[in-house]
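Listing of run-v5.tsv, TSV, C-alpha atoms
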chain	number	residue	atom	x	y	z
A	864	MET	CA	-2.49	-18.14	-4.24
A	865	GLN	CA	-0.18	-15.13	-3.91
A	866	THR	CA	0.20	-13.59	-0.48
A	867	VAL	CA	-0.25	-9.86	-0.86
A	868	ALA	CA	-0.89	-7.13	-3.41
A	869	ALA	CA	-0.51	-3.40	-2.85
A	870	VAL	CA	-2.99	-1.10	-4.58
A	871	VAL	CA	-2.12	2.53	-5.27
A	872	LEU	CA	-4.76	4.88	-6.67
A	873	ASN	CA	-3.52	7.73	-8.85
A	874	TYR	CA	-5.32	10.84	-10.05
A	875	ASN	CA	-3.14	13.59	-11.51
A	876	GLY	CA	-0.40	12.79	-8.98
A	877	TRP	CA	2.18	10.68	-10.76
A	878	ARG	CA	5.14	12.11	-8.82
A	879	ASP	CA	3.68	10.99	-5.49
A	880	THR	CA	2.69	7.68	-7.04
A	881	VAL	CA	6.19	6.98	-8.33
A	882	THR	CA	7.67	7.77	-4.90
A	883	CYS	CA	5.14	5.48	-3.23
A	884	VAL	CA	5.77	2.64	-5.69
A	885	ARG	CA	9.52	2.83	-5.22
A	886	ALA	CA	9.08	2.48	-1.46
A	887	LEU	CA	6.81	-0.53	-2.02
A	888	GLU	CA	9.36	-2.15	-4.32
A	889	ALA	CA	11.91	-2.04	-1.51
A	890	MET	CA	9.57	-3.87	0.89
A	891	GLN	CA	10.24	-7.36	2.19
A	892	PRO	CA	8.51	-9.47	1.11
A	893	PRO	CA	7.95	-7.58	-2.15
A	894	PRO	CA	4.23	-7.23	-2.86
A	895	ARG	CA	2.48	-7.46	-6.17
A	896	ILE	CA	1.93	-3.79	-7.06
A	897	VAL	CA	-1.17	-2.56	-8.89
A	898	VAL	CA	-1.59	1.10	-9.79
A	899	VAL	CA	-5.05	2.30	-10.77
A	900	ASP	CA	-5.18	5.51	-12.76
A	901	ASN	CA	-8.52	7.20	-12.14
A	902	ALA	CA	-8.84	8.88	-15.56
A	903	SER	CA	-6.07	11.41	-14.94
A	904	THR	CA	-6.02	14.46	-17.17
A	905	ASP	CA	-2.27	15.10	-16.88
A	906	GLU	CA	0.66	13.00	-18.11
A	907	SER	CA	0.26	10.42	-15.32
A	908	LEU	CA	-0.17	7.35	-17.52
A	909	ALA	CA	2.93	8.01	-19.57
A	910	MET	CA	5.08	8.97	-16.59
A	911	ILE	CA	4.05	5.98	-14.47
A	912	ARG	CA	4.79	3.66	-17.39
A	913	LEU	CA	8.16	5.35	-17.83
A	914	HIS	CA	9.27	5.31	-14.19
A	915	CYS	CA	7.47	2.15	-12.99
A	916	PRO	CA	7.41	-0.22	-15.99
A	917	GLN	CA	7.17	-3.31	-13.78
A	918	VAL	CA	3.87	-2.46	-12.03
A	919	GLU	CA	0.44	-3.53	-13.22
A	920	LEU	CA	-1.29	-0.39	-14.44
A	921	LEU	CA	-5.08	-0.35	-14.67
A	922	GLN	CA	-6.90	2.48	-16.43
A	923	SER	CA	-10.32	3.56	-15.25
A	924	PRO	CA	-12.37	5.14	-18.05
A	925	VAL	CA	-13.82	7.69	-15.60
A	926	ASN	CA	-12.85	9.23	-12.29
A	927	GLY	CA	-15.26	7.29	-10.10
A	928	GLY	CA	-13.58	8.35	-6.86
A	929	PHE	CA	-11.70	6.42	-4.20
A	930	ALA	CA	-14.25	3.61	-3.85
A	931	ALA	CA	-14.72	2.84	-7.54
A	932	GLY	CA	-11.03	3.18	-8.35
A	933	ASN	CA	-9.90	0.77	-5.65
A	934	ASN	CA	-12.77	-1.61	-6.47
A	935	LEU	CA	-11.40	-1.91	-9.99
A	936	ALA	CA	-8.22	-3.47	-8.58
A	937	MET	CA	-9.76	-5.34	-5.66
A	938	SER	CA	-12.32	-7.13	-7.83
A	939	MET	CA	-9.40	-8.48	-9.85
A	940	LEU	CA	-7.21	-9.36	-6.87
A	941	MET	CA	-9.55	-10.74	-4.23
A	942	HIS	CA	-9.52	-14.25	-5.72
A	943	ASP	CA	-5.76	-14.25	-6.47
A	944	VAL	CA	-4.14	-12.99	-3.24
A	945	GLU	CA	-4.71	-13.56	0.47
A	946	PHE	CA	-4.35	-9.91	1.45
A	947	ILE	CA	-4.87	-6.58	-0.33
A	948	TRP	CA	-3.05	-3.52	0.99
A	949	LEU	CA	-4.60	-0.18	0.02
A	950	ILE	CA	-2.06	2.61	0.36
A	951	ASN	CA	-2.53	6.27	-0.57
A	952	ASN	CA	-0.24	7.45	-3.32
A	953	ASP	CA	0.88	10.42	-1.18
A	954	ALA	CA	1.96	8.13	1.66
A	955	VAL	CA	5.55	7.00	2.19
A	956	CYS	CA	5.94	3.63	3.89
A	957	GLU	CA	8.64	2.85	6.44
A	958	SER	CA	10.69	-0.23	5.59
A	959	GLY	CA	8.92	-2.65	7.93
A	960	ALA	CA	5.39	-1.44	7.26
A	961	LEU	CA	4.27	-4.34	5.09
A	962	GLN	CA	5.84	-7.11	7.19
A	963	ALA	CA	4.18	-5.75	10.33
A	964	LEU	CA	0.76	-5.76	8.65
A	965	LEU	CA	1.23	-9.31	7.37
A	966	THR	CA	2.39	-10.57	10.77
A	967	ARG	CA	-0.65	-9.07	12.48
A	968	MET	CA	-3.00	-10.59	9.90
A	969	ARG	CA	-1.41	-14.04	10.02
A	970	ASN	CA	-1.42	-14.16	13.80
A	971	ASP	CA	-5.19	-13.59	14.00
A	972	PRO	CA	-7.43	-15.23	11.37
A	973	GLY	CA	-10.44	-13.29	12.72
A	974	LEU	CA	-9.11	-9.94	11.53
A	975	GLY	CA	-10.80	-8.51	8.47
A	976	ALA	CA	-8.75	-5.30	8.26
A	977	VAL	CA	-5.52	-4.03	9.80
A	978	GLY	CA	-4.24	-0.45	9.76
A	979	SER	CA	-0.94	1.36	10.16
A	980	VAL	CA	0.22	4.13	12.45
A	981	VAL	CA	-0.11	7.27	10.31
A	982	LEU	CA	2.34	10.12	10.86
A	983	SER	CA	2.63	13.51	9.21
A	984	GLY	CA	4.93	13.87	6.23
A	985	ASP	CA	7.84	14.99	8.41
A	986	GLY	CA	7.17	12.23	10.93
A	987	ARG	CA	6.69	14.62	13.85
A	988	LYS	CA	2.92	14.42	14.31
A	989	LEU	CA	0.66	11.42	14.88
A	990	LEU	CA	-2.33	11.72	12.55
A	991	ALA	CA	-4.08	8.44	13.33
A	992	TRP	CA	-3.49	5.28	15.34
A	993	GLY	CA	-4.73	3.13	12.50
A	994	GLY	CA	-8.21	4.60	12.24
A	995	GLY	CA	-10.94	6.21	14.27
A	996	ARG	CA	-14.32	6.24	15.96
A	997	VAL	CA	-17.79	7.27	14.82
A	998	HIS	CA	-20.11	9.33	17.03
A	999	TYR	CA	-23.53	8.13	15.89
A	1000	LEU	CA	-25.44	10.85	17.74
A	1001	LEU	CA	-23.37	13.87	16.70
A	1002	GLY	CA	-22.87	12.60	13.18
A	1003	ILE	CA	-19.08	12.91	13.10
A	1004	SER	CA	-16.01	10.69	12.97
A	1005	ARG	CA	-12.61	11.27	14.53
A	1006	HIS	CA	-9.21	9.66	14.12
A	1007	VAL	CA	-7.85	8.25	17.37
A	1008	HIS	CA	-4.34	8.96	18.62
A	1009	ARG	CA	-3.80	6.14	21.09
A	1010	LYS	CA	-4.49	2.44	21.44
A	1011	GLY	CA	-8.13	1.57	21.92
A	1012	ARG	CA	-11.27	0.37	20.21
A	1013	LEU	CA	-11.69	1.34	16.56
A	1014	ASP	CA	-14.84	1.67	14.50
A	1015	PHE	CA	-12.88	1.91	11.26
A	1016	ILE	CA	-9.44	1.65	9.68
A	1017	THR	CA	-8.36	4.65	7.65
A	1018	GLY	CA	-8.09	4.08	3.93
A	1019	ALA	CA	-4.70	5.82	3.92
A	1020	SER	CA	-3.22	2.42	4.81
A	1021	MET	CA	-5.61	-0.50	5.09
A	1022	MET	CA	-4.79	-4.18	4.67
A	1023	LEU	CA	-7.85	-6.29	3.91
A	1024	ARG	CA	-8.27	-10.04	4.06
A	1025	SER	CA	-9.60	-11.21	0.70
A	1026	ARG	CA	-11.83	-13.80	2.35
A	1027	ALA	CA	-13.45	-11.01	4.37
A	1028	LEU	CA	-14.06	-8.97	1.22
A	1029	GLN	CA	-15.64	-11.98	-0.42
A	1030	SER	CA	-18.07	-12.20	2.50
A	1031	VAL	CA	-19.14	-8.52	2.71
A	1032	GLY	CA	-18.38	-7.03	-0.72
A	1033	LEU	CA	-16.15	-4.20	-1.87
A	1034	PHE	CA	-16.41	-0.45	-1.27
A	1035	ASP	CA	-19.85	1.05	-1.75
A	1036	GLU	CA	-19.53	3.20	-4.86
A	1037	TRP	CA	-22.22	5.62	-3.71
A	1038	PHE	CA	-19.31	7.16	-1.79
A	1039	PHE	CA	-17.13	9.20	-4.13
A	1040	LEU	CA	-14.58	10.14	-1.48
A	1041	TYR	CA	-14.49	9.96	2.35
A	1042	TRP	CA	-16.51	7.65	4.62
A	1043	GLU	CA	-16.22	4.70	2.23
A	1044	ASP	CA	-13.56	3.18	4.49
A	1045	VAL	CA	-15.85	3.70	7.50
A	1046	ASP	CA	-18.76	2.05	5.70
A	1047	LEU	CA	-16.69	-0.99	4.69
A	1048	CYS	CA	-15.34	-1.44	8.23
A	1049	VAL	CA	-18.84	-1.24	9.71
A	1050	ARG	CA	-19.94	-3.97	7.31
A	1051	LEU	CA	-16.91	-6.09	8.24
A	1052	ARG	CA	-17.63	-5.73	11.94
A	1053	ASN	CA	-21.33	-6.50	11.44
A	1054	ALA	CA	-20.29	-9.73	9.69
A	1055	GLY	CA	-18.12	-10.77	12.65
A	1056	TRP	CA	-14.70	-9.64	11.41
A	1057	ARG	CA	-12.50	-7.60	13.73
A	1058	LEU	CA	-10.20	-4.61	13.18
A	1059	ALA	CA	-6.68	-4.07	14.50
A	1060	VAL	CA	-3.59	-1.90	14.17
A	1061	ALA	CA	-0.07	-3.12	13.45
A	1062	GLN	CA	1.85	-0.68	15.64
A	1063	ASP	CA	5.16	-1.36	13.85
A	1064	SER	CA	3.64	-0.51	10.49
A	1065	ILE	CA	4.47	3.17	10.02
A	1066	ILE	CA	3.52	5.41	7.12
A	1067	ARG	CA	4.08	9.13	6.64
A	1068	HIS	CA	1.19	10.94	4.99
A	1069	LYS	CA	1.28	14.39	3.38
A	1070	GLU	CA	-0.83	17.18	4.84
A	1071	GLY	CA	-1.85	20.58	3.58
A	1072	ALA	CA	-4.30	21.97	1.06
A	1073	SER	CA	-5.45	25.27	-0.37
A	1074	PHE	CA	-8.60	27.00	0.85
A	1075	GLU	CA	-10.38	25.91	-2.32
A	1076	ALA	CA	-9.35	22.30	-1.70
A	1077	PHE	CA	-10.67	22.47	1.86
A	1078	ALA	CA	-14.01	23.86	0.67
A	1079	ARG	CA	-14.32	21.10	-1.92
A	1080	ARG	CA	-13.45	18.51	0.72
A	1081	ASP	CA	-16.15	19.95	2.97
A	1082	ARG	CA	-18.71	19.53	0.20
A	1083	ILE	CA	-17.73	15.95	-0.59
A	1084	THR	CA	-17.42	14.96	3.07
A	1085	SER	CA	-20.84	16.42	3.85
A	1086	LYS	CA	-22.44	14.40	1.10
A	1087	SER	CA	-20.70	11.22	2.24
A	1088	ARG	CA	-21.77	11.78	5.84
A	1089	VAL	CA	-25.41	11.88	4.78
A	1090	LEU	CA	-24.96	8.65	2.80
A	1091	PHE	CA	-23.27	6.90	5.72
A	1092	PHE	CA	-25.89	7.74	8.32
A	1093	ARG	CA	-28.70	6.91	5.90
A	1094	LYS	CA	-27.24	3.40	5.79
A	1095	HIS	CA	-26.17	2.88	9.38
A	1096	SER	CA	-28.36	4.98	11.70
A	1097	HIS	CA	-31.85	4.04	12.91
A	1098	LEU	CA	-32.81	7.73	12.97
A	1099	PRO	CA	-30.46	9.33	10.41
A	1100	ILE	CA	-31.96	12.82	10.51
A	1101	VAL	CA	-30.52	13.34	14.02
A	1102	PRO	CA	-26.81	12.73	13.25
A	1103	VAL	CA	-27.13	14.36	9.84
A	1104	ILE	CA	-28.51	17.65	11.22
A	1105	LEU	CA	-26.41	17.71	14.40
A	1106	GLY	CA	-23.28	16.91	12.42
A	1107	MET	CA	-24.04	19.67	9.94
A	1108	LEU	CA	-24.60	22.23	12.71
A	1109	LEU	CA	-21.45	21.18	14.56
A	1110	ARG	CA	-19.28	21.36	11.48
A	1111	CYS	CA	-20.76	24.70	10.41
A	1112	GLY	CA	-20.24	26.12	13.89
A	1113	LEU	CA	-16.59	25.07	14.03
A	1114	ARG	CA	-15.88	26.69	10.69
A	1115	LEU	CA	-17.58	29.91	11.71
A	1116	LEU	CA	-15.51	29.98	14.91
A	1117	ARG	CA	-12.41	29.67	12.73
A	1118	LEU	CA	-13.66	32.60	10.62
A	1119	CYS	CA	-14.24	30.41	7.55
A	1120	PRO	CA	-17.81	31.30	6.54
A	1121	ALA	CA	-17.35	30.00	3.00
A	1122	ARG	CA	-16.45	26.57	4.35
A	1123	ALA	CA	-19.45	26.65	6.69
A	1124	TRP	CA	-21.63	27.49	3.70
A	1125	ALA	CA	-20.11	24.57	1.76
A	1126	VAL	CA	-21.07	22.17	4.57
A	1127	PHE	CA	-24.58	23.62	4.87
A	1128	THR	CA	-25.44	23.65	1.17
A	1129	ALA	CA	-23.91	20.24	0.41
A	1130	THR	CA	-25.84	18.64	3.25
A	1131	LEU	CA	-29.15	20.19	2.21
A	1132	ASN	CA	-28.60	19.40	-1.47
A	1133	THR	CA	-27.91	15.76	-0.64
A	1134	LEU	CA	-31.00	15.56	1.57
A	1135	ARG	CA	-33.10	17.07	-1.21
A	1136	THR	CA	-31.89	14.70	-3.92
A	1137	MET	CA	-31.67	11.57	-1.74
A	1138	PRO	CA	-34.39	11.51	0.95
A	1139	LEU	CA	-33.49	9.81	4.21
A	1140	ASP	CA	-36.42	7.41	4.02
A	1141	ASN	CA	-34.99	5.78	0.87
A	1142	PRO	CA	-31.48	4.53	1.71
A	1143	PRO	CA	-29.32	3.33	-1.18
A	1144	ALA	CA	-28.41	-0.32	-1.57
A	1145	SER	CA	-24.73	-1.13	-1.14
A	1146	LEU	CA	-22.80	-1.17	-4.39
A	1147	ALA	CA	-25.67	0.37	-6.32
A	1148	LYS	CA	-25.08	2.54	-9.34
A	1149	PRO	CA	-23.08	5.64	-8.29
A	1150	VAL	CA	-24.91	8.94	-8.04
A	1151	ALA	CA	-23.85	12.23	-9.61
A	1152	ARG	CA	-20.44	13.42	-8.47
A	1153	PHE	CA	-19.35	16.73	-6.98
Here is the file; what I need is its structure written in the form of structure tokens.
Amino acid sequence: MQTVAAVVLNYNGWRDTVTCVRALEAMQPPPRIVVVDNASTDESLAMIRLHCPQVELLQSPVNGGFAAGNNLAMSMLMHDVEFIWLINNDAVCESGALQALLTRMRNDPGLGAVGSVVLSGDGRKLLAWGGGRVHYLLGISRHVHRKGRLDFITGASMMLRSRALQSVGLFDEWFFLYWEDVDLCVRLRNAGWRLAVAQDSIIRHKEGASFEAFARRDRITSKSRVLFFRKHSHLPIVPVILGMLLRCGLRLLRLCPARAWAVFTATLNTLRTMPLDNPPASLAKPVARF
């Protein structure tokens, strides 16, 4: 059985993907590298083949989002490698990032997932100490910035033990983007697996987006929040509504009414199409995408 495979998901971002792959190729020990192209509409396939001919390139017939794209690779790898490292294509790994993750995993067989310390692209700002916490009353999640208990590992850099995946399943494909990493980590913890951070595993992750990108992210995140609390809250209407009001209020305070409207409408539309009293089964057929 091979030790580790790195999975990089690409969607219309071949330049970032090539940079990420080249950093992975320089790692010690070198991982098996699998790139999943999520039905890109640009020249990604050709350019990745040109610049990274040695990687395994999987083609998804549709853009099924983060969960479905990574599942395509993980379903293939989970019986061939001990550990699967999911790394965002717009993340740049420091030289010792992989070895630190492997050391942490090997030293504690009870760990199901291990995360990295995530810095901003210029390395000056700490974005996440491996992952974050979920506030089940207010219906929000937050990345943490210091050592402490984690409810989830961020999917920006997440090493998973294949044996743990075999016990709980892959990402739930009802989640198109956002909260799928939280959902998987909750399922791991419920099955008795623990989470940890390898503090010497450092990645630098790009920030920044246009207003339109932020509004789209608000819509997708709002939908995913409803799905998460439908699955994991005893009284989901409370965190769903409180989370919606809190997020709308913060955007109005920042003078972003269009983003507040995106949160409000996406939440209500999801509630209308997927009532809270009928939670979806994990890994069921994906719903319509945003």
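The shortest atom-to-atom distance to Ile950 of chain A, with only C-alpha atoms taken into account, belongs to A:Arg1067 out of A:Arg1067, A:Arg1093, A:Lys1086, A:Arg1080.
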Select, from A:Arg1026, A:Lys1069, A:Asp1046, A:Leu908, the residue with the minimum atom-to-atom distance to Ser983 of chain A, counting all atoms listed in the file. A:Lys1069
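Taking only C-alpha atoms into account, the polymer residues that have an atom no farther than 12 Å from (5.1, 8.3, -17.7) are Asn875, Gly876, Trp877, Arg878, Thr880, Val881, Asp900, Ser903, Asp905, Glu906, Ser907, Leu908, Ala909, Met910, Ile911, Arg912, Leu913, His914, Cys915, Pro916 and Leu920 of chain A.
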Just want the 6 Å neighbourhood of Val867 of chain A, counted on all atoms listed in the file, with same-chain residues fewer than 6 positions away dropped. Output as number ranges by chain. A: 894, 944-947
Considering only C-alpha atoms, can you say which of A:Leu1047, A:Leu1105, A:Ala960, A:Leu1013 comes closest to Ile1065 of chain A? A:Ala960
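Taking atom CA of Val980 of chain A and atom CA of Tyr1041 of chain A as the two end points, the separation is 18.8 Å.
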Counting all atoms listed in the file, closest pick from A:Leu1001, A:Leu1098, A:Val1007, A:Cys1048 relative to Arg1110 of chain A is A:Leu1001
Taking 4 positions as the minimum chain separation for residues in the same chain, which residues sit within 7 Å of segment 1082-1085 of chain A when counting all atoms listed in the file? Answer as a ChimeraX atom specification. /A:1040-1041,1078,1089,1125-1126,1129-1130,1153
Selected residues, C-alpha atoms, written as a compact mmCIF listing (two decimals), in the coordinates of the input, please.
# COMPACT_ATOMS: atom_id res chain seq x y z
CA LEU A 1040 -14.58 10.14 -1.48
CA TYR A 1041 -14.49 9.96 2.35
CA ALA A 1078 -14.01 23.86 0.67
CA VAL A 1089 -25.41 11.88 4.78
CA ALA A 1125 -20.11 24.57 1.76
CA VAL A 1126 -21.07 22.17 4.57
CA ALA A 1129 -23.91 20.24 0.41
CA THR A 1130 -25.84 18.64 3.25
CA PHE A 1153 -19.35 16.73 -6.98
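Residues lying at most 7 Å from (-5.6, 7.5, 8.1) in file coordinates, with all atoms listed in the file considered, are Val981, Leu990, Ala991, Gly993, Gly994, Thr1017, Gly1018, Ala1019 and Ser1020 of chain A.
The list of residues with at least one atom within 8 Å of Ile1016 of chain A, based on all atoms listed in the file and without residues fewer than 6 positions apart in the same chain, reads A:Ala976, A:Val977, A:Gly978, A:Gly993, A:Gly994, A:Gly995, A:Asp1044, A:Val1045, A:Cys1048, A:Leu1058, A:Ala1059.
Proximity ranking of A:Val1101, A:Gly932, A:Gly1055, A:His1008 relative to Val1031 of chain A places A:Gly1055 first, based on only C-alpha atoms.
Note that atom CA of Val1049 of chain A and atom CA of Ile1104 of chain A are 21.3 Å apart.
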How far is it from atom CA of Ile1066 of chain A to atom CA of Ala886 of chain A, in Å with one decimal? 10.6 Å
Return segment 1024-1035 of chain A, completed with all heavy atoms, as a JSON list (two decimals), in the frame of the given file.
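See result38.json below for the written result:
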[["chain", "number", "residue", "atom", "x", "y", "z"],
["A", 1024, "ARG", "N", -8.31, -8.61, 4.32],
["A", 1024, "ARG", "CA", -8.27, -10.04, 4.06],
["A", 1024, "ARG", "C", -9.24, -10.33, 2.90],
["A", 1024, "ARG", "O", -10.43, -9.97, 2.97],
["A", 1024, "ARG", "CB", -8.67, -10.82, 5.30],
["A", 1024, "ARG", "CG", -8.42, -12.32, 5.23],
["A", 1024, "ARG", "CD", -8.86, -13.01, 6.50],
["A", 1024, "ARG", "NE", -8.15, -12.53, 7.67],
["A", 1024, "ARG", "CZ", -6.99, -13.01, 8.12],
["A", 1024, "ARG", "NH1", -6.41, -14.00, 7.45],
["A", 1024, "ARG", "NH2", -6.43, -12.52, 9.20],
["A", 1025, "SER", "N", -8.76, -10.97, 1.86],
["A", 1025, "SER", "CA", -9.60, -11.21, 0.70],
["A", 1025, "SER", "C", -10.83, -12.02, 1.06],
["A", 1025, "SER", "O", -11.93, -11.78, 0.54],
["A", 1025, "SER", "CB", -8.80, -11.93, -0.39],
["A", 1025, "SER", "OG", -7.81, -11.08, -0.94],
["A", 1026, "ARG", "N", -10.69, -12.98, 1.96],
["A", 1026, "ARG", "CA", -11.83, -13.80, 2.35],
["A", 1026, "ARG", "C", -12.91, -12.95, 3.02],
["A", 1026, "ARG", "O", -14.12, -13.20, 2.86],
["A", 1026, "ARG", "CB", -11.37, -14.91, 3.29],
["A", 1026, "ARG", "CG", -12.41, -15.97, 3.61],
["A", 1026, "ARG", "CD", -11.74, -17.26, 4.07],
["A", 1026, "ARG", "NE", -10.83, -17.01, 5.18],
["A", 1026, "ARG", "CZ", -11.19, -17.03, 6.47],
["A", 1026, "ARG", "NH1", -12.46, -17.26, 6.78],
["A", 1026, "ARG", "NH2", -10.31, -16.84, 7.42],
["A", 1027, "ALA", "N", -12.49, -11.91, 3.75],
["A", 1027, "ALA", "CA", -13.45, -11.01, 4.37],
["A", 1027, "ALA", "C", -14.18, -10.18, 3.31],
["A", 1027, "ALA", "O", -15.40, -9.98, 3.39],
["A", 1027, "ALA", "CB", -12.75, -10.09, 5.37],
["A", 1028, "LEU", "N", -13.43, -9.72, 2.31],
["A", 1028, "LEU", "CA", -14.06, -8.97, 1.22],
["A", 1028, "LEU", "C", -15.06, -9.83, 0.46],
["A", 1028, "LEU", "O", -16.13, -9.36, 0.06],
["A", 1028, "LEU", "CB", -13.00, -8.44, 0.25],
["A", 1028, "LEU", "CG", -12.14, -7.26, 0.72],
["A", 1028, "LEU", "CD1", -11.08, -6.96, -0.31],
["A", 1028, "LEU", "CD2", -13.00, -6.04, 0.98],
["A", 1029, "GLN", "N", -14.72, -11.09, 0.27],
["A", 1029, "GLN", "CA", -15.64, -11.98, -0.42],
["A", 1029, "GLN", "C", -16.95, -12.16, 0.36],
["A", 1029, "GLN", "O", -18.00, -12.40, -0.23],
["A", 1029, "GLN", "CB", -14.97, -13.34, -0.64],
["A", 1029, "GLN", "CG", -13.81, -13.29, -1.63],
["A", 1029, "GLN", "CD", -12.95, -14.53, -1.59],
["A", 1029, "GLN", "OE1", -13.37, -15.57, -1.07],
["A", 1029, "GLN", "NE2", -11.74, -14.44, -2.12],
["A", 1030, "SER", "N", -16.87, -12.00, 1.68],
["A", 1030, "SER", "CA", -18.07, -12.20, 2.50],
["A", 1030, "SER", "C", -18.94, -10.95, 2.60],
["A", 1030, "SER", "O", -20.15, -11.07, 2.79],
["A", 1030, "SER", "CB", -17.68, -12.67, 3.90],
["A", 1030, "SER", "OG", -17.06, -11.63, 4.65],
["A", 1031, "VAL", "N", -18.35, -9.74, 2.49],
["A", 1031, "VAL", "CA", -19.14, -8.52, 2.71],
["A", 1031, "VAL", "C", -19.22, -7.64, 1.47],
["A", 1031, "VAL", "O", -20.04, -6.71, 1.42],
["A", 1031, "VAL", "CB", -18.58, -7.69, 3.88],
["A", 1031, "VAL", "CG1", -18.52, -8.51, 5.14],
["A", 1031, "VAL", "CG2", -17.23, -7.07, 3.56],
["A", 1032, "GLY", "N", -18.38, -7.88, 0.46],
["A", 1032, "GLY", "CA", -18.38, -7.03, -0.72],
["A", 1032, "GLY", "C", -17.30, -5.96, -0.66],
["A", 1032, "GLY", "O", -16.61, -5.80, 0.35],
["A", 1033, "LEU", "N", -17.18, -5.23, -1.73],
["A", 1033, "LEU", "CA", -16.15, -4.20, -1.87],
["A", 1033, "LEU", "C", -16.68, -2.87, -1.34],
["A", 1033, "LEU", "O", -17.69, -2.80, -0.67],
["A", 1033, "LEU", "CB", -15.73, -4.10, -3.33],
["A", 1033, "LEU", "CG", -15.22, -5.40, -3.97],
["A", 1033, "LEU", "CD1", -14.92, -5.19, -5.44],
["A", 1033, "LEU", "CD2", -14.00, -5.92, -3.24],
["A", 1034, "PHE", "N", -15.96, -1.79, -1.65],
["A", 1034, "PHE", "CA", -16.41, -0.45, -1.27],
["A", 1034, "PHE", "C", -17.76, -0.15, -1.92],
["A", 1034, "PHE", "O", -18.03, -0.57, -3.05],
["A", 1034, "PHE", "CB", -15.42, 0.61, -1.70],
["A", 1034, "PHE", "CG", -14.18, 0.71, -0.86],
["A", 1034, "PHE", "CD1", -12.92, 0.61, -1.45],
["A", 1034, "PHE", "CD2", -14.25, 0.93, 0.50],
["A", 1034, "PHE", "CE1", -11.77, 0.72, -0.69],
["A", 1034, "PHE", "CE2", -13.12, 1.03, 1.28],
["A", 1034, "PHE", "CZ", -11.87, 0.93, 0.68],
["A", 1035, "ASP", "N", -18.59, 0.59, -1.21],
["A", 1035, "ASP", "CA", -19.85, 1.05, -1.75],
["A", 1035, "ASP", "C", -19.59, 2.27, -2.63],
["A", 1035, "ASP", "O", -19.12, 3.31, -2.15],
["A", 1035, "ASP", "CB", -20.80, 1.40, -0.61],
["A", 1035, "ASP", "CG", -22.21, 1.72, -1.08],
["A", 1035, "ASP", "OD1", -22.37, 2.13, -2.24],
["A", 1035, "ASP", "OD2", -23.14, 1.58, -0.28]]
